[in-house]
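Listing of start26.cif, mmCIF, C-alpha atoms
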```cif
data_entry
#
loop_
_atom_site.label_atom_id
_atom_site.label_comp_id
_atom_site.auth_asym_id
_atom_site.auth_seq_id
_atom_site.Cartn_x
_atom_site.Cartn_y
_atom_site.Cartn_z
CA MET A 697 8.15 -21.40 6.34
CA THR A 698 11.85 -20.79 6.87
CA LEU A 699 12.79 -17.15 6.76
CA ALA A 700 16.22 -16.17 5.62
CA ALA A 701 18.28 -14.12 8.06
CA PRO A 702 17.48 -10.47 7.46
CA PRO A 703 20.10 -8.47 5.64
CA PRO A 704 21.81 -5.72 7.60
CA ALA A 705 19.67 -3.21 5.74
CA HIS A 706 16.40 -3.37 7.66
CA PRO A 707 13.71 -1.52 5.70
CA GLY A 708 11.62 -0.66 8.75
CA TRP A 709 8.34 -2.00 10.03
CA ILE A 710 5.94 0.51 8.60
CA GLU A 711 7.88 1.65 5.58
CA PRO A 712 7.83 0.99 2.74
CA GLY A 713 4.47 2.56 2.13
CA PRO A 714 2.29 0.69 -0.31
CA SER A 715 2.06 1.56 -4.00
CA ARG A 716 -0.78 3.92 -4.87
CA GLY A 717 -4.01 1.94 -4.91
CA HIS A 718 -7.53 3.28 -5.52
CA SER A 719 -9.87 0.46 -4.55
CA LYS A 720 -11.76 0.25 -1.24
CA ALA A 721 -9.52 -2.66 -0.31
CA ALA A 722 -6.42 -0.51 -0.90
CA ALA A 723 -7.87 2.22 1.32
CA LEU A 724 -8.67 -0.32 4.03
CA VAL A 725 -5.11 -1.68 4.00
CA ALA A 726 -3.67 1.86 4.15
CA GLU A 727 -5.97 2.79 7.03
CA GLN A 728 -5.10 -0.32 9.04
CA ILE A 729 -1.38 0.34 8.64
CA ALA A 730 -1.93 3.98 9.61
CA GLN A 731 -3.88 2.84 12.67
CA ILE A 732 -0.91 0.81 13.85
CA SER A 733 1.39 3.75 13.34
CA ARG A 734 -1.00 5.99 15.30
CA HIS A 735 -1.19 3.34 18.00
CA TRP A 736 2.59 3.55 18.40
CA ASP A 737 2.34 7.34 18.38
CA GLY A 738 0.60 6.94 21.74
CA SER A 739 3.68 5.34 23.28
CA ARG A 740 6.01 7.92 24.81
CA SER A 741 8.98 5.57 24.60
CA LEU A 742 8.48 5.11 20.87
CA SER A 743 7.50 8.69 20.13
CA ALA A 744 9.85 10.81 22.23
CA ALA A 745 11.92 11.82 19.21
CA LEU A 746 8.77 12.57 17.18
CA ASP A 747 7.53 14.80 20.01
CA GLU A 748 10.89 16.53 20.12
CA LEU A 749 10.79 17.10 16.38
CA ASP A 750 7.24 18.49 16.57
CA GLN A 751 8.31 20.85 19.34
CA LEU A 752 11.23 22.07 17.24
CA HIS A 753 8.88 22.50 14.30
CA GLY A 754 6.99 25.05 16.38
CA GLU A 755 10.04 26.77 17.80
CA ALA A 756 12.09 26.92 14.61
CA SER A 757 9.32 28.23 12.36
CA HIS A 758 11.07 31.50 11.51
CA ASP A 759 14.59 32.61 10.67
CA ASN A 760 16.87 33.47 13.57
CA TRP A 761 14.68 31.32 15.80
CA ASP A 762 17.70 30.42 17.92
CA GLY A 763 19.04 33.98 18.23
CA HIS A 764 22.15 32.92 16.31
CA GLY A 765 20.94 33.51 12.78
CA GLY A 766 19.71 29.95 12.24
CA HIS A 767 17.37 29.31 9.31
CA ALA A 768 13.80 28.22 10.00
CA LEU A 769 13.20 24.47 9.87
CA ASP A 770 12.49 23.59 6.25
CA PRO A 771 8.89 22.19 6.17
CA ALA A 772 9.86 19.53 3.65
CA SER A 773 12.86 18.49 5.75
CA TYR A 774 10.51 18.25 8.74
CA GLU A 775 8.14 15.94 6.84
CA HIS A 776 10.98 13.70 5.66
CA ALA A 777 12.43 13.61 9.17
CA ARG A 778 9.05 12.59 10.59
CA ARG A 779 8.72 9.73 8.12
CA LEU A 780 12.24 8.57 8.88
CA LEU A 781 11.65 8.62 12.65
CA ARG A 782 8.42 6.67 12.28
CA ALA A 783 10.19 4.05 10.20
CA LEU A 784 13.18 3.77 12.51
CA ARG A 785 11.49 3.77 15.86
CA LEU A 786 10.91 0.08 16.44
CA ALA A 787 14.29 -1.04 15.25
CA TYR A 788 16.74 1.53 16.57
CA PRO A 789 17.25 3.77 19.61
CA SER A 790 15.76 7.25 19.42
CA PRO A 791 18.15 9.93 18.25
CA GLU A 792 18.57 13.40 19.68
CA VAL A 793 16.75 15.77 17.35
CA SER A 794 17.89 19.26 16.40
CA VAL A 795 17.76 21.77 13.56
CA ASP A 796 20.95 22.60 11.68
CA ALA A 797 21.83 26.24 11.03
CA ASP A 798 20.77 25.78 7.40
CA GLY A 799 17.24 24.73 8.43
CA GLU A 800 17.61 20.97 7.96
CA ALA A 801 16.36 18.53 10.59
CA ALA A 802 19.25 16.67 12.18
CA PHE A 803 19.54 13.45 14.21
CA ASP A 804 22.32 12.42 16.54
CA TRP A 805 22.75 8.94 17.99
CA VAL A 806 25.25 8.22 20.73
CA PHE A 807 25.78 4.50 21.23
CA GLY A 808 28.71 4.67 23.64
CA LYS A 809 32.23 5.96 23.86
CA GLY A 810 33.61 6.47 20.37
CA ARG A 811 30.40 5.28 18.72
CA ARG A 812 28.05 7.89 17.37
CA LEU A 813 26.25 8.87 14.20
CA ALA A 814 24.87 12.20 12.99
CA ALA A 815 22.47 12.61 10.06
CA SER A 816 20.81 15.60 8.44
CA ILE A 817 17.74 15.41 6.24
CA GLY A 818 17.36 17.85 3.35
CA GLY A 819 14.09 19.22 2.06
CA ASP A 820 14.59 17.14 -1.10
CA GLY A 821 14.86 13.92 0.92
CA ARG A 822 18.63 13.73 0.78
CA ILE A 823 20.12 12.17 3.91
CA THR A 824 23.74 12.92 4.72
CA PHE A 825 25.31 11.08 7.60
CA ALA A 826 28.69 10.77 9.27
CA GLY A 827 29.81 8.88 12.31
CA ILE A 828 32.60 7.17 14.14
CA ASP A 829 32.84 3.57 15.17
CA GLY A 830 35.97 3.44 17.30
CA PRO A 831 38.89 4.00 14.98
CA ARG A 832 36.71 3.80 11.85
CA SER A 833 34.67 6.55 10.30
CA LEU A 834 31.31 6.05 8.59
CA ARG A 835 29.79 8.43 6.11
CA GLY A 836 27.37 8.47 3.25
CA THR A 837 24.61 10.22 1.34
CA ASP A 838 21.39 8.69 0.10
CA TRP A 839 17.77 9.54 -0.55
CA LEU A 840 14.73 8.81 1.52
CA SER A 841 12.32 6.92 -0.68
CA ASP A 842 9.94 4.19 0.41
CA ALA A 843 12.44 2.50 2.63
CA ILE A 844 15.11 3.71 4.99
CA PRO A 845 18.26 4.12 2.87
CA GLU A 846 20.36 1.01 3.18
CA PRO A 847 23.68 2.79 3.89
CA LEU A 848 22.08 4.53 6.87
CA VAL A 849 20.54 1.31 8.17
CA PHE A 850 23.85 -0.48 7.70
CA ALA A 851 25.64 2.19 9.73
CA LEU A 852 22.98 2.17 12.47
CA SER A 853 22.93 -1.62 12.64
CA LYS A 854 26.69 -1.74 12.93
CA LEU A 855 26.82 0.82 15.71
CA ALA A 856 23.78 -0.47 17.59
CA THR A 857 24.89 -4.10 17.70
CA ARG A 858 28.57 -3.64 18.51
CA ARG A 859 29.34 -4.17 22.18
CA SER A 860 31.26 -1.45 23.99
CA MET B 1182 0.62 -24.01 -1.38
CA ALA B 1183 -1.55 -23.98 -4.44
CA LEU B 1184 -0.23 -25.00 -7.82
CA PRO B 1185 0.74 -21.92 -9.83
CA ARG B 1186 -1.58 -21.13 -12.75
CA THR B 1187 -1.19 -18.65 -15.55
CA HIS B 1188 -4.76 -17.40 -15.21
CA LEU B 1189 -7.79 -17.80 -12.97
CA THR B 1190 -11.20 -17.47 -14.60
CA ASN B 1191 -12.74 -15.83 -11.53
CA ALA B 1192 -9.69 -14.24 -9.99
CA PRO B 1193 -10.40 -12.52 -6.64
CA ILE B 1194 -8.45 -9.44 -7.75
CA VAL B 1195 -10.14 -6.16 -6.83
CA GLU B 1196 -7.28 -3.97 -8.02
CA ALA B 1197 -4.12 -4.40 -10.07
CA LEU B 1198 -1.71 -1.57 -10.45
CA VAL B 1199 1.57 -0.70 -12.06
CA ASP B 1200 3.45 2.14 -10.41
CA VAL B 1201 6.59 3.85 -11.71
CA ARG B 1202 8.26 6.54 -9.64
CA VAL B 1203 10.80 8.90 -11.08
CA SER B 1204 13.11 11.77 -10.30
CA PRO B 1205 11.50 14.62 -12.23
CA ARG B 1206 13.54 16.94 -14.36
CA PRO B 1207 13.89 20.26 -12.55
CA ASP B 1208 11.75 22.23 -14.99
CA VAL B 1209 8.84 19.81 -15.29
CA VAL B 1210 5.41 21.47 -15.11
CA PRO B 1211 2.72 18.92 -14.10
CA ALA B 1212 -0.02 21.17 -15.51
CA GLU B 1213 1.39 20.34 -18.95
CA PHE B 1214 0.34 16.72 -18.50
CA GLN B 1215 -2.99 18.01 -19.74
CA LYS B 1216 -1.62 17.05 -23.15
CA LEU B 1217 -1.79 13.44 -22.00
CA ALA B 1218 -5.38 13.94 -20.86
CA VAL B 1219 -6.22 15.11 -24.37
CA GLN B 1220 -4.23 12.31 -26.00
CA PHE B 1221 -6.06 9.61 -24.04
CA ALA B 1222 -9.47 11.29 -23.94
CA THR B 1223 -11.17 8.46 -25.84
CA ASP B 1224 -10.23 5.75 -23.36
CA PHE B 1225 -10.15 8.01 -20.30
CA PRO B 1226 -12.85 10.64 -20.78
CA LEU B 1227 -13.10 11.58 -17.09
CA ARG B 1228 -10.24 13.75 -15.99
CA ALA B 1229 -9.30 15.71 -12.90
CA GLN B 1230 -6.33 17.76 -11.85
CA GLN B 1231 -4.53 16.73 -8.69
CA PHE B 1232 -3.40 19.45 -6.31
CA GLU B 1233 -0.89 19.91 -3.56
CA PHE B 1234 -1.71 22.29 -0.75
CA GLN B 1235 0.82 24.08 1.39
CA GLN B 1236 -0.01 26.17 4.43
CA THR B 1237 2.58 28.25 6.26
CA PHE B 1238 2.21 28.91 9.99
CA GLN B 1239 4.31 31.20 12.12
CA LEU B 1240 4.27 31.20 15.90
CA GLY B 1241 4.37 34.49 17.76
CA VAL B 1242 3.47 36.62 14.77
CA GLY B 1243 0.23 38.58 14.85
CA GLY B 1244 -2.41 38.70 12.15
CA SER B 1245 -3.91 36.05 9.93
CA PRO B 1246 -1.79 33.33 8.39
CA PRO B 1247 -1.15 33.63 4.66
CA PRO B 1248 -3.69 31.78 2.51
CA PRO B 1249 -2.72 28.22 1.59
CA SER B 1250 -0.93 27.89 -1.73
CA GLN B 1251 -2.21 25.37 -4.23
CA THR B 1252 -0.21 23.89 -7.06
CA ILE B 1253 -1.13 21.30 -9.65
CA SER B 1254 0.71 18.06 -8.90
CA GLY B 1255 -0.65 16.07 -11.82
CA TRP B 1256 -3.64 14.67 -13.66
CA MET B 1257 -5.88 11.73 -12.93
CA LEU B 1258 -7.75 10.17 -15.84
CA ARG B 1259 -10.59 7.66 -15.49
CA SER B 1260 -12.29 5.40 -17.97
CA GLU B 1261 -16.01 5.86 -18.59
CA GLU B 1262 -16.96 2.99 -16.26
CA ARG B 1263 -14.27 4.13 -13.76
CA ALA B 1264 -12.58 0.73 -13.78
CA ALA B 1265 -9.28 2.07 -15.11
CA ILE B 1266 -7.32 5.03 -13.79
CA ALA B 1267 -4.16 6.66 -15.10
CA GLN B 1268 -2.28 9.06 -12.83
CA PHE B 1269 0.37 11.32 -14.30
CA ARG B 1270 2.36 13.18 -11.65
CA ALA B 1271 5.70 14.95 -11.54
CA ASP B 1272 7.06 12.14 -9.34
CA GLY B 1273 5.71 9.30 -11.40
CA PHE B 1274 2.97 7.42 -13.10
CA THR B 1275 0.40 4.87 -11.87
CA TYR B 1276 -2.05 2.73 -13.79
CA ASN B 1277 -4.81 1.23 -11.65
CA LYS B 1278 -7.13 -1.46 -13.00
CA LEU B 1279 -10.08 -1.98 -10.71
CA ALA B 1280 -12.53 -4.90 -10.93
CA PRO B 1281 -13.38 -6.58 -13.22
CA TYR B 1282 -9.85 -7.86 -13.73
CA THR B 1283 -8.85 -9.05 -17.17
CA ASN B 1284 -5.34 -10.50 -17.29
CA TRP B 1285 -1.69 -9.58 -16.78
CA GLU B 1286 -1.05 -9.09 -20.48
CA GLU B 1287 -3.79 -6.50 -20.79
CA VAL B 1288 -2.94 -4.70 -17.56
CA SER B 1289 0.79 -4.53 -18.20
CA GLY B 1290 0.23 -3.71 -21.88
CA GLU B 1291 -2.04 -0.77 -21.07
CA ALA B 1292 0.33 0.41 -18.34
CA LEU B 1293 3.22 0.38 -20.80
CA ARG B 1294 1.25 2.29 -23.44
CA LEU B 1295 0.48 5.02 -20.89
CA TRP B 1296 3.98 4.97 -19.41
CA ARG B 1297 5.60 5.54 -22.80
CA ALA B 1298 3.45 8.61 -23.38
CA TYR B 1299 4.16 9.90 -19.89
CA ALA B 1300 7.92 9.32 -20.22
CA ALA B 1301 7.99 11.18 -23.54
CA GLU B 1302 6.17 14.15 -22.01
CA ALA B 1303 7.70 14.21 -18.52
CA ARG B 1304 11.25 13.25 -19.59
CA PRO B 1305 12.28 12.25 -16.03
CA THR B 1306 15.96 12.15 -15.14
CA GLU B 1307 15.79 8.62 -13.72
CA ILE B 1308 13.43 5.89 -12.57
CA THR B 1309 13.57 5.26 -8.82
CA ARG B 1310 10.93 2.60 -8.26
CA LEU B 1311 8.97 0.07 -10.28
CA ALA B 1312 6.06 -1.74 -8.67
CA VAL B 1313 3.34 -4.25 -9.45
CA ARG B 1314 0.64 -4.52 -6.80
CA TYR B 1315 -2.30 -6.92 -6.80
CA ILE B 1316 -5.00 -6.66 -4.16
CA ASN B 1317 -7.20 -9.73 -3.74
CA GLN B 1318 -10.38 -10.02 -1.74
CA LEU B 1319 -11.35 -13.52 -0.67
CA LEU B 1320 -14.57 -14.63 1.00
CA LEU B 1321 -13.65 -17.44 3.40
CA PRO B 1322 -15.27 -19.40 6.26
CA LEU B 1323 -13.99 -17.82 9.47
CA ALA B 1324 -13.70 -21.11 11.34
CA ASP B 1325 -11.59 -22.81 8.68
CA LEU B 1326 -9.12 -20.13 7.60
CA LYS B 1327 -6.23 -22.57 7.95
CA ASP B 1328 -7.75 -24.67 5.17
CA TYR B 1329 -7.52 -21.72 2.79
CA LEU B 1330 -4.55 -19.61 3.90
CA GLU B 1331 -1.00 -20.91 4.10
CA ALA B 1332 -0.31 -18.32 6.82
CA PRO B 1333 -3.62 -18.06 8.71
CA PRO B 1334 -3.90 -15.90 11.83
CA ALA B 1335 -2.98 -18.06 14.79
CA ALA B 1336 -4.01 -17.27 18.36
CA PRO B 1337 -3.29 -19.02 21.66
CA PRO B 1338 -6.25 -21.20 22.72
CA GLN B 1339 -6.68 -19.20 25.94
CA TRP B 1340 -7.41 -15.97 24.06
CA PRO B 1341 -11.04 -14.87 23.60
CA LYS B 1342 -12.50 -16.71 20.63
CA ALA B 1343 -14.25 -13.95 18.72
CA LEU B 1344 -11.77 -12.75 16.12
CA GLU B 1345 -12.79 -9.30 14.89
CA GLY B 1346 -9.69 -8.31 13.01
CA PHE B 1347 -6.09 -9.09 12.16
CA LEU B 1348 -3.29 -7.54 10.15
CA PHE B 1349 -0.15 -9.32 9.03
CA ARG B 1350 2.53 -7.68 6.99
CA TRP B 1351 5.64 -9.34 5.66
CA ILE B 1352 8.46 -7.38 4.04
CA LEU B 1353 10.50 -9.84 2.02
CA ARG B 1354 13.53 -9.54 -0.19
CA ASP B 1355 14.13 -11.55 -3.34
CA PRO B 1356 17.87 -11.18 -4.00
CA ALA B 1357 17.73 -13.05 -7.30
CA ARG B 1358 15.41 -10.43 -8.79
CA ASP B 1359 16.75 -7.56 -6.67
CA ALA B 1360 13.16 -7.02 -5.61
CA ARG B 1361 11.08 -6.77 -2.48
CA ALA B 1362 7.61 -8.10 -1.78
CA VAL B 1363 5.38 -6.49 0.82
CA VAL B 1364 2.59 -8.95 1.56
CA THR B 1365 -0.30 -7.73 3.67
CA GLN B 1366 -3.03 -10.06 4.87
CA THR B 1367 -5.89 -8.47 6.75
CA MET B 1368 -9.57 -8.75 7.47
CA GLY B 1369 -11.78 -6.81 5.11
CA GLY B 1370 -15.32 -5.51 5.43
CA PRO B 1371 -18.45 -7.32 6.62
CA ALA B 1372 -19.29 -10.70 5.21
CA GLY B 1373 -22.11 -13.23 5.66
CA PRO B 1374 -22.63 -15.26 8.85
CA GLY B 1375 -19.60 -17.41 9.60
CA GLN B 1376 -17.67 -15.87 6.77
CA VAL B 1377 -14.93 -13.32 6.60
CA GLN B 1378 -13.44 -11.19 3.89
CA VAL B 1379 -9.69 -11.56 3.75
CA ILE B 1380 -7.61 -9.09 1.81
CA LEU B 1381 -4.38 -10.43 0.38
CA ASP B 1382 -2.33 -7.50 -0.87
CA VAL B 1383 0.84 -8.38 -2.79
CA ASP B 1384 3.04 -5.39 -3.59
CA VAL B 1385 6.29 -6.28 -5.36
CA PHE B 1386 8.80 -3.67 -6.39
CA ARG B 1387 12.36 -2.74 -7.24
CA GLU B 1388 14.00 0.42 -6.02
CA GLY B 1389 17.18 2.06 -7.18
CA HIS B 1390 18.54 4.64 -9.55
CA PHE B 1391 17.67 3.33 -12.99
CA ASP B 1392 18.22 5.08 -16.31
CA ALA B 1393 15.20 6.97 -17.53
CA ASP B 1394 15.31 4.92 -20.74
CA LEU B 1395 15.19 1.61 -18.83
CA ASN B 1396 13.17 -0.99 -20.72
CA VAL B 1397 10.19 -0.93 -18.36
CA GLU B 1398 8.49 -3.77 -20.23
CA ASP B 1399 11.41 -6.11 -19.51
CA ALA B 1400 11.71 -4.84 -15.95
CA LEU B 1401 8.03 -5.51 -15.17
CA GLN B 1402 8.01 -9.16 -16.24
CA PRO B 1403 10.02 -10.55 -13.27
CA LEU B 1404 7.86 -8.49 -10.93
CA GLY B 1405 4.75 -10.01 -12.50
CA ARG B 1406 6.17 -13.50 -11.99
CA LEU B 1407 7.14 -12.75 -8.38
CA LYS B 1408 3.66 -11.46 -7.60
CA ASN B 1409 2.19 -14.69 -9.01
CA GLU B 1410 4.56 -16.86 -7.01
CA VAL B 1411 3.68 -15.04 -3.79
CA PHE B 1412 -0.06 -15.23 -4.51
CA PHE B 1413 -0.19 -18.98 -5.17
CA ALA B 1414 2.15 -19.68 -2.26
CA SER B 1415 -0.17 -17.74 0.05
CA LEU B 1416 -3.24 -19.88 -0.63
CA THR B 1417 -4.13 -23.55 -0.47
CA GLU B 1418 -5.45 -25.57 -3.37
CA LYS B 1419 -8.87 -25.49 -1.67
CA ALA B 1420 -8.86 -21.70 -1.77
CA ILE B 1421 -7.80 -21.55 -5.41
CA ALA B 1422 -10.52 -24.02 -6.39
CA GLN B 1423 -13.09 -21.26 -5.81
CA TYR B 1424 -11.58 -19.12 -8.53
CA LEU B 1425 -10.91 -21.62 -11.34
#
```
Re-express the file's structure as structure tokens.
Amino acid sequence: MTLAAPPPAHPGWIEPGPSRGHSKAAALVAEQIAQISRHWDGSRSLSAALDELDQLHGEASHDNWDGHGGHALDPASYEHARRLLRALRLAYPSPEVSVDADGEAAFDWVFGKGRRLAASIGGDGRITFAGIDGPRSLRGTDWLSDAIPEPLVFALSKLATRRS
Amino acid sequence: MALPRTHLTNAPIVEALVDVRVSPRPDVVPAEFQKLAVQFATDFPLRAQQFEFQQTFQLGVGGSPPPPSQTISGWMLRSEERAAIAQFRADGFTYNKLAPYTNWEEVSGEALRLWRAYAAEARPTEITRLAVRYINQLLLPLADLKDYLEAPPAAPPQWPKALEGFLFRWILRDPARDARAVVTQTMGGPAGPGQVQVILDVDVFREGHFDADLNVEDALQPLGRLKNEVFFASLTEKAIAQYL
């Protein structure tokens, strides 16, 4: 079998999640995929950002959690951010994780001098990102569905593969 | 690969499903899908509400946490013999046909009948995903998997010989149909001596922002063809011979 070169938009190793099956076979497939994801959860190198997000989930559970009037981390934003991190973790470097003042989970990747990307994840699954790639700027908005949004993957791929 | 056929008399399909995901209109109330439960009560007499639970926790605050909130997320309807399931949710609709499988025309036809009723009631703002997923369960001789599977599990000869499980997952893009196929091949439950159950799960779908009045019937046909192509390309003629 000859595989075509993957497009720049890599959909992630675990995502997309399967369509909603009801048979025993569907449950078995879902459980085996979940087992692999849990297996990777045990790796600190692959799960550092997830751990960081979970820690923030505890700390930012109420308004003014940071002493500067910041909103509590939106539970739906937290769930979306978790899914996104799980999908990204084998293909891209871990981001720094934080909570924006409006309660949205936020990621920040620094790839080198003049190459960085910041993304925030809304409770409705909307992902807004902006970055710089040397003299060029990157920005976009898309929705987290069953795959990592292609514009985000495109931006990450571009930044991660360019040599300093 | 096996020669493509339009139908297998004893197809190894344990579940076929059609899944449509949508962006709900802001004021949709999933509890109102009860109307659909009433409308389809003859074919789907068994019905159950689906719920979402939400629990709020606060660190550093005394006292008991507030009780979990529970909201209706949709309705699940089952046929009398439980071989057909219709799920109506705010975020979409799924029709599952469990064994015994009939044929694509019946499955897609029934899915479309239910979808049309759902779309009229839910009035979503757009369609975000269309999927056709077929899960097959094959009983194969463990020692000769390569004679039946085009992509059998391969292991270096120095590895221990007793294979107790495997999981392969391919995520493939079909640019011509603007679709993706997620193909999962894994070991299923227990089988007889020297035999193994292999699950071949073919999930093909399109994602995007499609008009709510998209012709779903037309959109499903290429997905049905893609799922067939993947299935017959996954198996050898010797494997297919068991299901003719």
For chain B, work out the contacting residues on chain A at 8 Å, counting all atoms listed in the file, and write them as a PyMOL selection string. chain A and resi 714-719+721-722+724-725+728+754-755+757-758
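Across the model, the gap from atom CA of Gln751 of chain A to atom CA of Ala814 of chain A is 19.7 Å.
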Can you list, as a list in words, every protein, DNA or RNA residue that comes within 9 Å of Ala1218 of chain B when you count all atoms listed in the file, leaving out same-chain residues fewer than 2 positions away?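 With the cut-off at 9 Å, the set is Phe1214, Gln1215, Lys1216, Gln1220, Phe1221, Ala1222, Phe1225, Pro1226, Leu1227, Arg1228, Trp1256, Met1257 and Leu1258 of chain B.
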To test your reading of the syntax: which residues would the PyMOL selection byres ((chain A and resi 823) around 9) return for the file shown? Reply as an mmCIF file with C-alpha atoms, keeping the file's coordinate frame.
```cif
data_model
loop_
_atom_site.group_PDB
_atom_site.id
_atom_site.type_symbol
_atom_site.label_atom_id
_atom_site.label_comp_id
_atom_site.auth_asym_id
_atom_site.auth_seq_id
_atom_site.Cartn_x
_atom_site.Cartn_y
_atom_site.Cartn_z
ATOM 1 C CA ALA A 815 22.470 12.610 10.060
ATOM 2 C CA SER A 816 20.810 15.600 8.440
ATOM 3 C CA ILE A 817 17.740 15.410 6.240
ATOM 4 C CA GLY A 818 17.360 17.850 3.350
ATOM 5 C CA ASP A 820 14.590 17.140 -1.100
ATOM 6 C CA GLY A 821 14.860 13.920 0.920
ATOM 7 C CA ARG A 822 18.630 13.730 0.780
ATOM 8 C CA THR A 824 23.740 12.920 4.720
ATOM 9 C CA PHE A 825 25.310 11.080 7.600
ATOM 10 C CA GLY A 836 27.370 8.470 3.250
ATOM 11 C CA THR A 837 24.610 10.220 1.340
ATOM 12 C CA ASP A 838 21.390 8.690 0.100
ATOM 13 C CA TRP A 839 17.770 9.540 -0.550
ATOM 14 C CA LEU A 840 14.730 8.810 1.520
ATOM 15 C CA PRO A 845 18.260 4.120 2.870
ATOM 16 C CA LEU A 848 22.080 4.530 6.870
#
```
Enumerate, as a CSV table (one decimal) with C-alpha atoms, in the coordinates of the input, the residues matched when the PyMOL selection byres ((chain A and resi 785) around 12) is run on the file above.
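Output file selection-v7.csv is given in full below:
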```csv
chain,number,residue,atom,x,y,z
A,706,HIS,CA,16.4,-3.4,7.7
A,707,PRO,CA,13.7,-1.5,5.7
A,708,GLY,CA,11.6,-0.7,8.8
A,709,TRP,CA,8.3,-2.0,10.0
A,710,ILE,CA,5.9,0.5,8.6
A,711,GLU,CA,7.9,1.6,5.6
A,733,SER,CA,1.4,3.8,13.3
A,736,TRP,CA,2.6,3.6,18.4
A,737,ASP,CA,2.3,7.3,18.4
A,739,SER,CA,3.7,5.3,23.3
A,740,ARG,CA,6.0,7.9,24.8
A,741,SER,CA,9.0,5.6,24.6
A,742,LEU,CA,8.5,5.1,20.9
A,743,SER,CA,7.5,8.7,20.1
A,744,ALA,CA,9.8,10.8,22.2
A,745,ALA,CA,11.9,11.8,19.2
A,746,LEU,CA,8.8,12.6,17.2
A,777,ALA,CA,12.4,13.6,9.2
A,778,ARG,CA,9.0,12.6,10.6
A,779,ARG,CA,8.7,9.7,8.1
A,780,LEU,CA,12.2,8.6,8.9
A,781,LEU,CA,11.6,8.6,12.6
A,782,ARG,CA,8.4,6.7,12.3
A,783,ALA,CA,10.2,4.0,10.2
A,784,LEU,CA,13.2,3.8,12.5
A,786,LEU,CA,10.9,0.1,16.4
A,787,ALA,CA,14.3,-1.0,15.2
A,788,TYR,CA,16.7,1.5,16.6
A,789,PRO,CA,17.2,3.8,19.6
A,790,SER,CA,15.8,7.2,19.4
A,791,PRO,CA,18.2,9.9,18.2
A,844,ILE,CA,15.1,3.7,5.0
```
